[in-house]
$ cat entry_18.txt   # compact mmCIF, N, CA and C atoms
# COMPACT_ATOMS: atom_id res chain seq x y z
N MET T 1 63.55 -66.84 11.47
CA MET T 1 62.32 -66.15 11.22
C MET T 1 61.96 -65.27 12.40
N ALA T 2 61.65 -64.06 12.11
CA ALA T 2 61.29 -63.13 13.18
C ALA T 2 59.88 -63.44 13.67
N ARG T 3 59.71 -63.25 14.94
CA ARG T 3 58.41 -63.48 15.55
C ARG T 3 57.78 -62.15 15.90
N SER T 4 56.51 -62.07 15.64
CA SER T 4 55.77 -60.89 16.04
C SER T 4 54.81 -61.30 17.15
N HIS T 5 54.91 -60.63 18.29
CA HIS T 5 54.01 -60.90 19.40
C HIS T 5 53.01 -59.77 19.57
N ALA T 6 52.91 -58.92 18.56
CA ALA T 6 52.00 -57.79 18.66
C ALA T 6 50.56 -58.27 18.61
N LYS T 7 49.70 -57.60 19.32
CA LYS T 7 48.28 -57.92 19.30
C LYS T 7 47.73 -57.61 17.92
N GLN T 8 46.81 -58.43 17.47
CA GLN T 8 46.25 -58.28 16.14
C GLN T 8 44.82 -57.72 16.20
N GLY T 9 44.57 -56.81 17.09
CA GLY T 9 43.26 -56.20 17.19
C GLY T 9 42.40 -56.91 18.22
N PRO T 10 41.21 -56.37 18.46
CA PRO T 10 40.35 -56.95 19.50
C PRO T 10 39.80 -58.30 19.07
N HIS T 11 39.66 -59.18 20.05
CA HIS T 11 39.05 -60.47 19.75
C HIS T 11 37.54 -60.30 19.76
N ARG T 12 36.84 -61.22 19.09
CA ARG T 12 35.40 -61.07 18.96
C ARG T 12 34.63 -62.24 19.56
N TRP T 13 35.21 -62.92 20.49
CA TRP T 13 34.51 -64.02 21.13
C TRP T 13 34.79 -63.97 22.61
N PRO T 14 33.84 -64.42 23.40
CA PRO T 14 33.94 -64.20 24.84
C PRO T 14 34.95 -65.11 25.52
N THR T 15 35.71 -64.53 26.43
CA THR T 15 36.54 -65.33 27.30
C THR T 15 35.90 -65.43 28.68
N GLN T 16 35.02 -64.51 28.99
CA GLN T 16 34.26 -64.55 30.23
C GLN T 16 32.89 -65.16 29.94
N PRO T 17 32.44 -66.10 30.77
CA PRO T 17 31.16 -66.72 30.49
C PRO T 17 29.99 -65.77 30.70
N PRO T 18 29.15 -65.57 29.68
CA PRO T 18 27.96 -64.77 29.89
C PRO T 18 26.95 -65.56 30.72
N GLN T 19 25.90 -64.91 31.15
CA GLN T 19 24.88 -65.57 31.95
C GLN T 19 24.22 -66.68 31.14
N GLY T 20 23.83 -67.75 31.82
CA GLY T 20 23.11 -68.83 31.15
C GLY T 20 23.96 -70.05 30.93
N ALA T 21 23.29 -71.16 30.75
CA ALA T 21 23.96 -72.45 30.61
C ALA T 21 24.49 -72.68 29.20
N THR T 22 24.19 -71.82 28.26
CA THR T 22 24.61 -72.05 26.88
C THR T 22 25.95 -71.41 26.54
N ALA T 23 26.57 -70.71 27.48
CA ALA T 23 27.84 -70.05 27.19
C ALA T 23 28.90 -71.06 26.75
N GLN T 24 28.97 -72.18 27.45
CA GLN T 24 29.93 -73.21 27.10
C GLN T 24 29.63 -73.75 25.70
N GLY T 25 28.37 -73.96 25.41
CA GLY T 25 27.98 -74.45 24.08
C GLY T 25 28.34 -73.48 22.98
N ARG T 26 28.16 -72.19 23.23
CA ARG T 26 28.53 -71.19 22.21
C ARG T 26 30.03 -71.18 21.98
N LEU T 27 30.79 -71.30 23.06
CA LEU T 27 32.24 -71.37 22.91
C LEU T 27 32.63 -72.58 22.07
N LEU T 28 32.04 -73.72 22.39
CA LEU T 28 32.36 -74.95 21.65
C LEU T 28 31.94 -74.86 20.19
N ASP T 29 30.81 -74.21 19.93
CA ASP T 29 30.36 -74.02 18.54
C ASP T 29 31.33 -73.15 17.75
N ASN T 30 32.01 -72.24 18.44
CA ASN T 30 32.95 -71.34 17.77
C ASN T 30 34.36 -71.91 17.64
N LEU T 31 34.61 -73.06 18.23
CA LEU T 31 35.97 -73.62 18.18
C LEU T 31 36.49 -73.89 16.76
N PRO T 32 35.68 -74.42 15.85
CA PRO T 32 36.24 -74.64 14.51
C PRO T 32 36.77 -73.36 13.87
N ALA T 33 36.07 -72.25 14.04
CA ALA T 33 36.54 -70.98 13.49
C ALA T 33 37.84 -70.54 14.18
N ARG T 34 37.93 -70.76 15.49
CA ARG T 34 39.15 -70.39 16.21
C ARG T 34 40.32 -71.27 15.77
N MET T 35 40.06 -72.55 15.53
CA MET T 35 41.12 -73.45 15.07
C MET T 35 41.58 -73.04 13.67
N ASP T 36 40.63 -72.65 12.82
CA ASP T 36 41.00 -72.14 11.49
C ASP T 36 41.92 -70.93 11.62
N GLN T 37 41.57 -70.03 12.54
CA GLN T 37 42.37 -68.83 12.77
C GLN T 37 43.78 -69.20 13.24
N LEU T 38 43.85 -70.17 14.13
CA LEU T 38 45.14 -70.61 14.66
C LEU T 38 46.00 -71.27 13.58
N VAL T 39 45.39 -72.14 12.80
CA VAL T 39 46.12 -72.83 11.72
C VAL T 39 46.59 -71.83 10.67
N GLU T 40 45.73 -70.89 10.31
CA GLU T 40 46.10 -69.88 9.32
C GLU T 40 47.30 -69.06 9.81
N ALA T 41 47.28 -68.69 11.08
CA ALA T 41 48.39 -67.93 11.64
C ALA T 41 49.68 -68.76 11.60
N ALA T 42 49.57 -70.04 11.91
CA ALA T 42 50.77 -70.90 11.88
C ALA T 42 51.29 -71.07 10.46
N LEU T 43 50.38 -71.23 9.50
CA LEU T 43 50.80 -71.36 8.10
C LEU T 43 51.51 -70.10 7.61
N GLN T 44 51.09 -68.96 8.13
CA GLN T 44 51.73 -67.69 7.76
C GLN T 44 52.94 -67.39 8.65
N GLU T 45 53.25 -68.33 9.57
CA GLU T 45 54.34 -68.16 10.52
C GLU T 45 54.20 -66.88 11.33
N ASN T 46 52.95 -66.56 11.66
CA ASN T 46 52.63 -65.39 12.47
C ASN T 46 52.52 -65.87 13.91
N TRP T 47 53.66 -66.04 14.56
CA TRP T 47 53.71 -66.64 15.88
C TRP T 47 53.09 -65.75 16.94
N GLY T 48 53.09 -64.45 16.72
CA GLY T 48 52.41 -63.54 17.63
C GLY T 48 50.91 -63.79 17.65
N GLU T 49 50.34 -64.02 16.49
CA GLU T 49 48.90 -64.32 16.40
C GLU T 49 48.61 -65.70 17.00
N VAL T 50 49.49 -66.66 16.77
CA VAL T 50 49.33 -67.98 17.38
C VAL T 50 49.32 -67.83 18.91
N LEU T 51 50.24 -67.05 19.43
CA LEU T 51 50.30 -66.82 20.87
C LEU T 51 49.03 -66.13 21.37
N ARG T 52 48.56 -65.13 20.66
CA ARG T 52 47.37 -64.39 21.06
C ARG T 52 46.14 -65.29 21.10
N VAL T 53 45.92 -66.05 20.04
CA VAL T 53 44.74 -66.90 19.97
C VAL T 53 44.82 -68.01 21.02
N SER T 54 46.00 -68.58 21.21
CA SER T 54 46.12 -69.64 22.21
C SER T 54 45.89 -69.10 23.62
N GLU T 55 46.33 -67.88 23.89
CA GLU T 55 46.06 -67.25 25.19
C GLU T 55 44.56 -67.09 25.42
N LEU T 56 43.86 -66.63 24.39
CA LEU T 56 42.41 -66.45 24.51
C LEU T 56 41.69 -67.78 24.69
N LEU T 57 42.14 -68.80 23.97
CA LEU T 57 41.52 -70.12 24.11
C LEU T 57 41.76 -70.70 25.50
N ALA T 58 42.96 -70.53 26.02
CA ALA T 58 43.27 -71.05 27.36
C ALA T 58 42.40 -70.36 28.40
N GLU T 59 42.29 -69.05 28.31
CA GLU T 59 41.46 -68.29 29.25
C GLU T 59 40.00 -68.70 29.13
N ALA T 60 39.51 -68.83 27.92
CA ALA T 60 38.11 -69.22 27.71
C ALA T 60 37.87 -70.63 28.25
N GLY T 61 38.81 -71.53 28.05
CA GLY T 61 38.67 -72.88 28.58
C GLY T 61 38.58 -72.90 30.10
N ARG T 62 39.42 -72.10 30.72
CA ARG T 62 39.37 -72.02 32.19
C ARG T 62 38.05 -71.41 32.67
N ASN T 63 37.60 -70.35 32.01
CA ASN T 63 36.39 -69.65 32.43
C ASN T 63 35.11 -70.42 32.14
N HIS T 64 35.16 -71.35 31.21
CA HIS T 64 33.97 -72.11 30.84
C HIS T 64 34.04 -73.56 31.31
N ASP T 65 34.90 -73.84 32.26
CA ASP T 65 35.03 -75.17 32.84
C ASP T 65 35.32 -76.24 31.77
N LEU T 66 36.28 -75.92 30.92
CA LEU T 66 36.75 -76.85 29.89
C LEU T 66 38.26 -77.04 30.09
N PRO T 67 38.63 -77.83 31.11
CA PRO T 67 40.05 -77.93 31.47
C PRO T 67 40.93 -78.51 30.37
N GLN T 68 40.40 -79.43 29.56
CA GLN T 68 41.22 -80.01 28.50
C GLN T 68 41.55 -78.95 27.45
N LEU T 69 40.58 -78.13 27.10
CA LEU T 69 40.83 -77.03 26.17
C LEU T 69 41.88 -76.08 26.74
N ALA T 70 41.73 -75.71 28.00
CA ALA T 70 42.69 -74.81 28.63
C ALA T 70 44.10 -75.41 28.65
N GLU T 71 44.18 -76.69 28.99
CA GLU T 71 45.48 -77.36 29.08
C GLU T 71 46.22 -77.36 27.75
N TYR T 72 45.52 -77.76 26.68
CA TYR T 72 46.18 -77.84 25.38
C TYR T 72 46.45 -76.46 24.78
N ALA T 73 45.59 -75.50 25.04
CA ALA T 73 45.85 -74.13 24.59
C ALA T 73 47.04 -73.55 25.33
N ASP T 74 47.17 -73.88 26.62
CA ASP T 74 48.35 -73.45 27.39
C ASP T 74 49.62 -74.03 26.78
N ARG T 75 49.54 -75.27 26.32
CA ARG T 75 50.72 -75.89 25.71
C ARG T 75 51.12 -75.16 24.43
N VAL T 76 50.13 -74.79 23.61
CA VAL T 76 50.43 -74.01 22.40
C VAL T 76 51.07 -72.69 22.80
N GLN T 77 50.47 -72.04 23.77
CA GLN T 77 50.99 -70.76 24.25
C GLN T 77 52.43 -70.91 24.73
N ASN T 78 52.71 -71.95 25.49
CA ASN T 78 54.06 -72.19 25.99
C ASN T 78 55.05 -72.38 24.84
N GLU T 79 54.67 -73.21 23.87
CA GLU T 79 55.57 -73.45 22.73
C GLU T 79 55.74 -72.19 21.89
N ALA T 80 54.67 -71.42 21.73
CA ALA T 80 54.73 -70.21 20.90
C ALA T 80 55.57 -69.12 21.55
N SER T 81 55.79 -69.21 22.84
CA SER T 81 56.59 -68.20 23.53
C SER T 81 58.08 -68.48 23.44
N LYS T 82 58.46 -69.64 22.92
CA LYS T 82 59.87 -70.00 22.80
C LYS T 82 60.39 -69.62 21.41
N PRO T 83 61.61 -69.10 21.33
CA PRO T 83 62.16 -68.75 20.02
C PRO T 83 62.54 -69.99 19.20
N ASN T 84 62.44 -69.87 17.88
CA ASN T 84 62.86 -70.92 16.96
C ASN T 84 62.26 -72.28 17.31
N ASN T 85 60.96 -72.31 17.50
CA ASN T 85 60.29 -73.51 17.96
C ASN T 85 59.11 -73.88 17.07
N GLU T 86 59.21 -73.59 15.77
CA GLU T 86 58.10 -73.73 14.86
C GLU T 86 57.52 -75.15 14.82
N LEU T 87 58.37 -76.16 14.78
CA LEU T 87 57.89 -77.54 14.71
C LEU T 87 57.06 -77.91 15.94
N GLU T 88 57.54 -77.56 17.12
CA GLU T 88 56.81 -77.88 18.35
C GLU T 88 55.52 -77.07 18.46
N ILE T 89 55.52 -75.84 17.96
CA ILE T 89 54.29 -75.04 17.94
C ILE T 89 53.25 -75.75 17.09
N LYS T 90 53.65 -76.18 15.91
CA LYS T 90 52.71 -76.84 15.00
C LYS T 90 52.22 -78.16 15.59
N ARG T 91 53.10 -78.90 16.23
CA ARG T 91 52.68 -80.15 16.87
C ARG T 91 51.67 -79.88 17.98
N SER T 92 51.92 -78.85 18.76
CA SER T 92 51.00 -78.53 19.86
C SER T 92 49.65 -78.06 19.32
N ILE T 93 49.64 -77.41 18.17
CA ILE T 93 48.37 -77.00 17.54
C ILE T 93 47.58 -78.23 17.11
N VAL T 94 48.27 -79.20 16.54
CA VAL T 94 47.58 -80.44 16.14
C VAL T 94 46.96 -81.12 17.35
N ARG T 95 47.68 -81.16 18.44
CA ARG T 95 47.16 -81.76 19.68
C ARG T 95 45.97 -80.97 20.22
N LEU T 96 46.03 -79.64 20.12
CA LEU T 96 44.92 -78.80 20.55
C LEU T 96 43.69 -79.06 19.69
N ILE T 97 43.87 -79.20 18.39
CA ILE T 97 42.75 -79.48 17.50
C ILE T 97 42.09 -80.80 17.90
N SER T 98 42.88 -81.79 18.18
CA SER T 98 42.35 -83.08 18.62
C SER T 98 41.59 -82.94 19.93
N ALA T 99 42.15 -82.21 20.88
CA ALA T 99 41.48 -82.00 22.17
C ALA T 99 40.16 -81.25 21.99
N CYS T 100 40.13 -80.30 21.06
CA CYS T 100 38.89 -79.56 20.80
C CYS T 100 37.81 -80.49 20.25
N GLY T 101 38.20 -81.38 19.34
CA GLY T 101 37.24 -82.33 18.80
C GLY T 101 36.69 -83.24 19.88
N LYS T 102 37.56 -83.72 20.75
CA LYS T 102 37.11 -84.59 21.84
C LYS T 102 36.21 -83.83 22.81
N THR T 103 36.55 -82.60 23.10
CA THR T 103 35.76 -81.78 24.01
C THR T 103 34.38 -81.52 23.43
N ARG T 104 34.32 -81.19 22.14
CA ARG T 104 33.02 -80.93 21.50
C ARG T 104 32.17 -82.19 21.47
N THR T 105 32.78 -83.33 21.17
CA THR T 105 32.04 -84.60 21.14
C THR T 105 31.51 -84.94 22.52
N SER T 106 32.34 -84.78 23.53
CA SER T 106 31.93 -85.06 24.90
C SER T 106 30.78 -84.15 25.33
N HIS T 107 30.85 -82.88 24.98
CA HIS T 107 29.79 -81.93 25.32
C HIS T 107 28.48 -82.33 24.66
N ARG T 108 28.54 -82.71 23.38
CA ARG T 108 27.32 -83.13 22.67
C ARG T 108 26.72 -84.39 23.31
N THR T 109 27.57 -85.32 23.71
CA THR T 109 27.10 -86.54 24.36
C THR T 109 26.39 -86.21 25.66
N HIS T 110 26.97 -85.32 26.46
CA HIS T 110 26.35 -84.93 27.72
C HIS T 110 25.02 -84.22 27.49
N GLN T 111 24.94 -83.37 26.44
CA GLN T 111 23.70 -82.68 26.13
C GLN T 111 22.62 -83.68 25.73
N THR T 112 22.99 -84.67 24.92
CA THR T 112 22.03 -85.67 24.47
C THR T 112 21.51 -86.48 25.65
N LEU T 113 22.39 -86.88 26.53
CA LEU T 113 22.00 -87.66 27.70
C LEU T 113 21.10 -86.84 28.63
N ALA T 114 21.35 -85.55 28.73
CA ALA T 114 20.55 -84.69 29.60
C ALA T 114 19.13 -84.51 29.06
N VAL T 115 19.00 -84.52 27.73
CA VAL T 115 17.68 -84.34 27.11
C VAL T 115 16.87 -85.62 27.18
N GLU T 116 17.50 -86.76 27.10
CA GLU T 116 16.79 -88.04 27.09
C GLU T 116 16.18 -88.37 28.37
$ encode --input "entry_18.txt" --output "structure tokens"
Amino acid sequence: MARSHAKQGPHRWPTQPPQGATAQGRLLDNLPARMDQLVEAALQENWGEVLRVSELLAEAGRNHDLPQLAEYADRVQNEASKPNNELEIKRSIVRLISACGKTRTSHRTHQTLAVE
């Protein structure tokens, strides 16, 4: 299967943290949509889009102090950059989805504790 690494147009979510304490929260709120985008690209075997989205997620994770998100997105990016590696790409996406869920849950717990 041929891989396309071409950019799929401009992204519409921030990788640089805007001013204010809610930037991380907005990123986390947008993760389900980003995971949908990543899964859809993998289902279509659009490895270039998988690579693009994982690069953006890794950068956003680093910029928003979400190291687990950055780590697992980097893993997807690493697997997506290898030829003929579809199974490992899909496995790394599943692990990233799990890490995103844990990160979102942890963030909500911290927010709740801060309010109480």
$ atom_distance --input "entry_18.txt" --atom1 "atom N of Asn85 (chain T)" --atom2 "CA of Trp47 (chain T)"
9.3 Å
$ atom_distance --input "entry_18.txt" --atom1 "CA of Pro83 (chain T)" --atom2 "CA of Gly61 (chain T)"
25.3 Å
$ select_by_dssp --input "entry_18.txt" --residues "region 53-103 of chain T" --states "helix (DSSP H, G or I)" --output "MDAnalysis selection string"
chainID T and resid 53:63 67:80 86:103
$ write_last_selection --input "entry_18.txt" --atoms "N, CA and C atoms" --output "tab-separated table (two decimals), in the frame of the given file"
chain	number	residue	atom	x	y	z
T	53	VAL	N	45.92	-66.05	20.04
T	53	VAL	CA	44.74	-66.90	19.97
T	53	VAL	C	44.82	-68.01	21.02
T	54	SER	N	46.00	-68.58	21.21
T	54	SER	CA	46.12	-69.64	22.21
T	54	SER	C	45.89	-69.10	23.62
T	55	GLU	N	46.33	-67.88	23.89
T	55	GLU	CA	46.06	-67.25	25.19
T	55	GLU	C	44.56	-67.09	25.42
T	56	LEU	N	43.86	-66.63	24.39
T	56	LEU	CA	42.41	-66.45	24.51
T	56	LEU	C	41.69	-67.78	24.69
T	57	LEU	N	42.14	-68.80	23.97
T	57	LEU	CA	41.52	-70.12	24.11
T	57	LEU	C	41.76	-70.70	25.50
T	58	ALA	N	42.96	-70.53	26.02
T	58	ALA	CA	43.27	-71.05	27.36
T	58	ALA	C	42.40	-70.36	28.40
T	59	GLU	N	42.29	-69.05	28.31
T	59	GLU	CA	41.46	-68.29	29.25
T	59	GLU	C	40.00	-68.70	29.13
T	60	ALA	N	39.51	-68.83	27.92
T	60	ALA	CA	38.11	-69.22	27.71
T	60	ALA	C	37.87	-70.63	28.25
T	61	GLY	N	38.81	-71.53	28.05
T	61	GLY	CA	38.67	-72.88	28.58
T	61	GLY	C	38.58	-72.90	30.10
T	62	ARG	N	39.42	-72.10	30.72
T	62	ARG	CA	39.37	-72.02	32.19
T	62	ARG	C	38.05	-71.41	32.67
T	63	ASN	N	37.60	-70.35	32.01
T	63	ASN	CA	36.39	-69.65	32.43
T	63	ASN	C	35.11	-70.42	32.14
T	67	PRO	N	38.63	-77.83	31.11
T	67	PRO	CA	40.05	-77.93	31.47
T	67	PRO	C	40.93	-78.51	30.37
T	68	GLN	N	40.40	-79.43	29.56
T	68	GLN	CA	41.22	-80.01	28.50
T	68	GLN	C	41.55	-78.95	27.45
T	69	LEU	N	40.58	-78.13	27.10
T	69	LEU	CA	40.83	-77.03	26.17
T	69	LEU	C	41.88	-76.08	26.74
T	70	ALA	N	41.73	-75.71	28.00
T	70	ALA	CA	42.69	-74.81	28.63
T	70	ALA	C	44.10	-75.41	28.65
T	71	GLU	N	44.18	-76.69	28.99
T	71	GLU	CA	45.48	-77.36	29.08
T	71	GLU	C	46.22	-77.36	27.75
T	72	TYR	N	45.52	-77.76	26.68
T	72	TYR	CA	46.18	-77.84	25.38
T	72	TYR	C	46.45	-76.46	24.78
T	73	ALA	N	45.59	-75.50	25.04
T	73	ALA	CA	45.85	-74.13	24.59
T	73	ALA	C	47.04	-73.55	25.33
T	74	ASP	N	47.17	-73.88	26.62
T	74	ASP	CA	48.35	-73.45	27.39
T	74	ASP	C	49.62	-74.03	26.78
T	75	ARG	N	49.54	-75.27	26.32
T	75	ARG	CA	50.72	-75.89	25.71
T	75	ARG	C	51.12	-75.16	24.43
T	76	VAL	N	50.13	-74.79	23.61
T	76	VAL	CA	50.43	-74.01	22.40
T	76	VAL	C	51.07	-72.69	22.80
T	77	GLN	N	50.47	-72.04	23.77
T	77	GLN	CA	50.99	-70.76	24.25
T	77	GLN	C	52.43	-70.91	24.73
T	78	ASN	N	52.71	-71.95	25.49
T	78	ASN	CA	54.06	-72.19	25.99
T	78	ASN	C	55.05	-72.38	24.84
T	79	GLU	N	54.67	-73.21	23.87
T	79	GLU	CA	55.57	-73.45	22.73
T	79	GLU	C	55.74	-72.19	21.89
T	80	ALA	N	54.67	-71.42	21.73
T	80	ALA	CA	54.73	-70.21	20.90
T	80	ALA	C	55.57	-69.12	21.55
T	86	GLU	N	59.21	-73.59	15.77
T	86	GLU	CA	58.10	-73.73	14.86
T	86	GLU	C	57.52	-75.15	14.82
T	87	LEU	N	58.37	-76.16	14.78
T	87	LEU	CA	57.89	-77.54	14.71
T	87	LEU	C	57.06	-77.91	15.94
T	88	GLU	N	57.54	-77.56	17.12
T	88	GLU	CA	56.81	-77.88	18.35
T	88	GLU	C	55.52	-77.07	18.46
T	89	ILE	N	55.52	-75.84	17.96
T	89	ILE	CA	54.29	-75.04	17.94
T	89	ILE	C	53.25	-75.75	17.09
T	90	LYS	N	53.65	-76.18	15.91
T	90	LYS	CA	52.71	-76.84	15.00
T	90	LYS	C	52.22	-78.16	15.59
T	91	ARG	N	53.10	-78.90	16.23
T	91	ARG	CA	52.68	-80.15	16.87
T	91	ARG	C	51.67	-79.88	17.98
T	92	SER	N	51.92	-78.85	18.76
T	92	SER	CA	51.00	-78.53	19.86
T	92	SER	C	49.65	-78.06	19.32
T	93	ILE	N	49.64	-77.41	18.17
T	93	ILE	CA	48.37	-77.00	17.54
T	93	ILE	C	47.58	-78.23	17.11
T	94	VAL	N	48.27	-79.20	16.54
T	94	VAL	CA	47.58	-80.44	16.14
T	94	VAL	C	46.96	-81.12	17.35
T	95	ARG	N	47.68	-81.16	18.44
T	95	ARG	CA	47.16	-81.76	19.68
T	95	ARG	C	45.97	-80.97	20.22
T	96	LEU	N	46.03	-79.64	20.12
T	96	LEU	CA	44.92	-78.80	20.55
T	96	LEU	C	43.69	-79.06	19.69
T	97	ILE	N	43.87	-79.20	18.39
T	97	ILE	CA	42.75	-79.48	17.50
T	97	ILE	C	42.09	-80.80	17.90
T	98	SER	N	42.88	-81.79	18.18
T	98	SER	CA	42.35	-83.08	18.62
T	98	SER	C	41.59	-82.94	19.93
T	99	ALA	N	42.15	-82.21	20.88
T	99	ALA	CA	41.48	-82.00	22.17
T	99	ALA	C	40.16	-81.25	21.99
T	100	CYS	N	40.13	-80.30	21.06
T	100	CYS	CA	38.89	-79.56	20.80
T	100	CYS	C	37.81	-80.49	20.25
T	101	GLY	N	38.20	-81.38	19.34
T	101	GLY	CA	37.24	-82.33	18.80
T	101	GLY	C	36.69	-83.24	19.88
T	102	LYS	N	37.56	-83.72	20.75
T	102	LYS	CA	37.11	-84.59	21.84
T	102	LYS	C	36.21	-83.83	22.81
T	103	THR	N	36.55	-82.60	23.10
T	103	THR	CA	35.76	-81.78	24.01
T	103	THR	C	34.38	-81.52	23.43
$ atom_distance --input "entry_18.txt" --atom1 "CA of Leu38 (chain T)" --atom2 "CA of Val50 (chain T)"
5.6 Å
$ residues_around --input "entry_18.txt" --residues "Val53 (chain T)" --least-positions-apart "6" --cutoff "9 Å" --atoms "only C-alpha atoms" --output "PDB file with N, CA and C atoms, keeping the file's coordinate frame"
ATOM      1  N   HIS T  11      39.660 -59.180  20.050  1.00  0.00           N
ATOM      2  CA  HIS T  11      39.050 -60.470  19.750  1.00  0.00           C
ATOM      3  C   HIS T  11      37.540 -60.300  19.760  1.00  0.00           C
ATOM      4  N   ARG T  34      37.930 -70.760  15.490  1.00  0.00           N
ATOM      5  CA  ARG T  34      39.150 -70.390  16.210  1.00  0.00           C
ATOM      6  C   ARG T  34      40.320 -71.270  15.770  1.00  0.00           C
ATOM      7  N   MET T  35      40.060 -72.550  15.530  1.00  0.00           N
ATOM      8  CA  MET T  35      41.120 -73.450  15.070  1.00  0.00           C
ATOM      9  C   MET T  35      41.580 -73.040  13.670  1.00  0.00           C
ATOM     10  N   GLN T  37      41.570 -70.030  12.540  1.00  0.00           N
ATOM     11  CA  GLN T  37      42.370 -68.830  12.770  1.00  0.00           C
ATOM     12  C   GLN T  37      43.780 -69.200  13.240  1.00  0.00           C
ATOM     13  N   LEU T  38      43.850 -70.170  14.130  1.00  0.00           N
ATOM     14  CA  LEU T  38      45.140 -70.610  14.660  1.00  0.00           C
ATOM     15  C   LEU T  38      46.000 -71.270  13.580  1.00  0.00           C
ATOM     16  N   ALA T  73      45.590 -75.500  25.040  1.00  0.00           N
ATOM     17  CA  ALA T  73      45.850 -74.130  24.590  1.00  0.00           C
ATOM     18  C   ALA T  73      47.040 -73.550  25.330  1.00  0.00           C
ATOM     19  N   GLN T  77      50.470 -72.040  23.770  1.00  0.00           N
ATOM     20  CA  GLN T  77      50.990 -70.760  24.250  1.00  0.00           C
ATOM     21  C   GLN T  77      52.430 -70.910  24.730  1.00  0.00           C
TER      22      GLN T  77
END
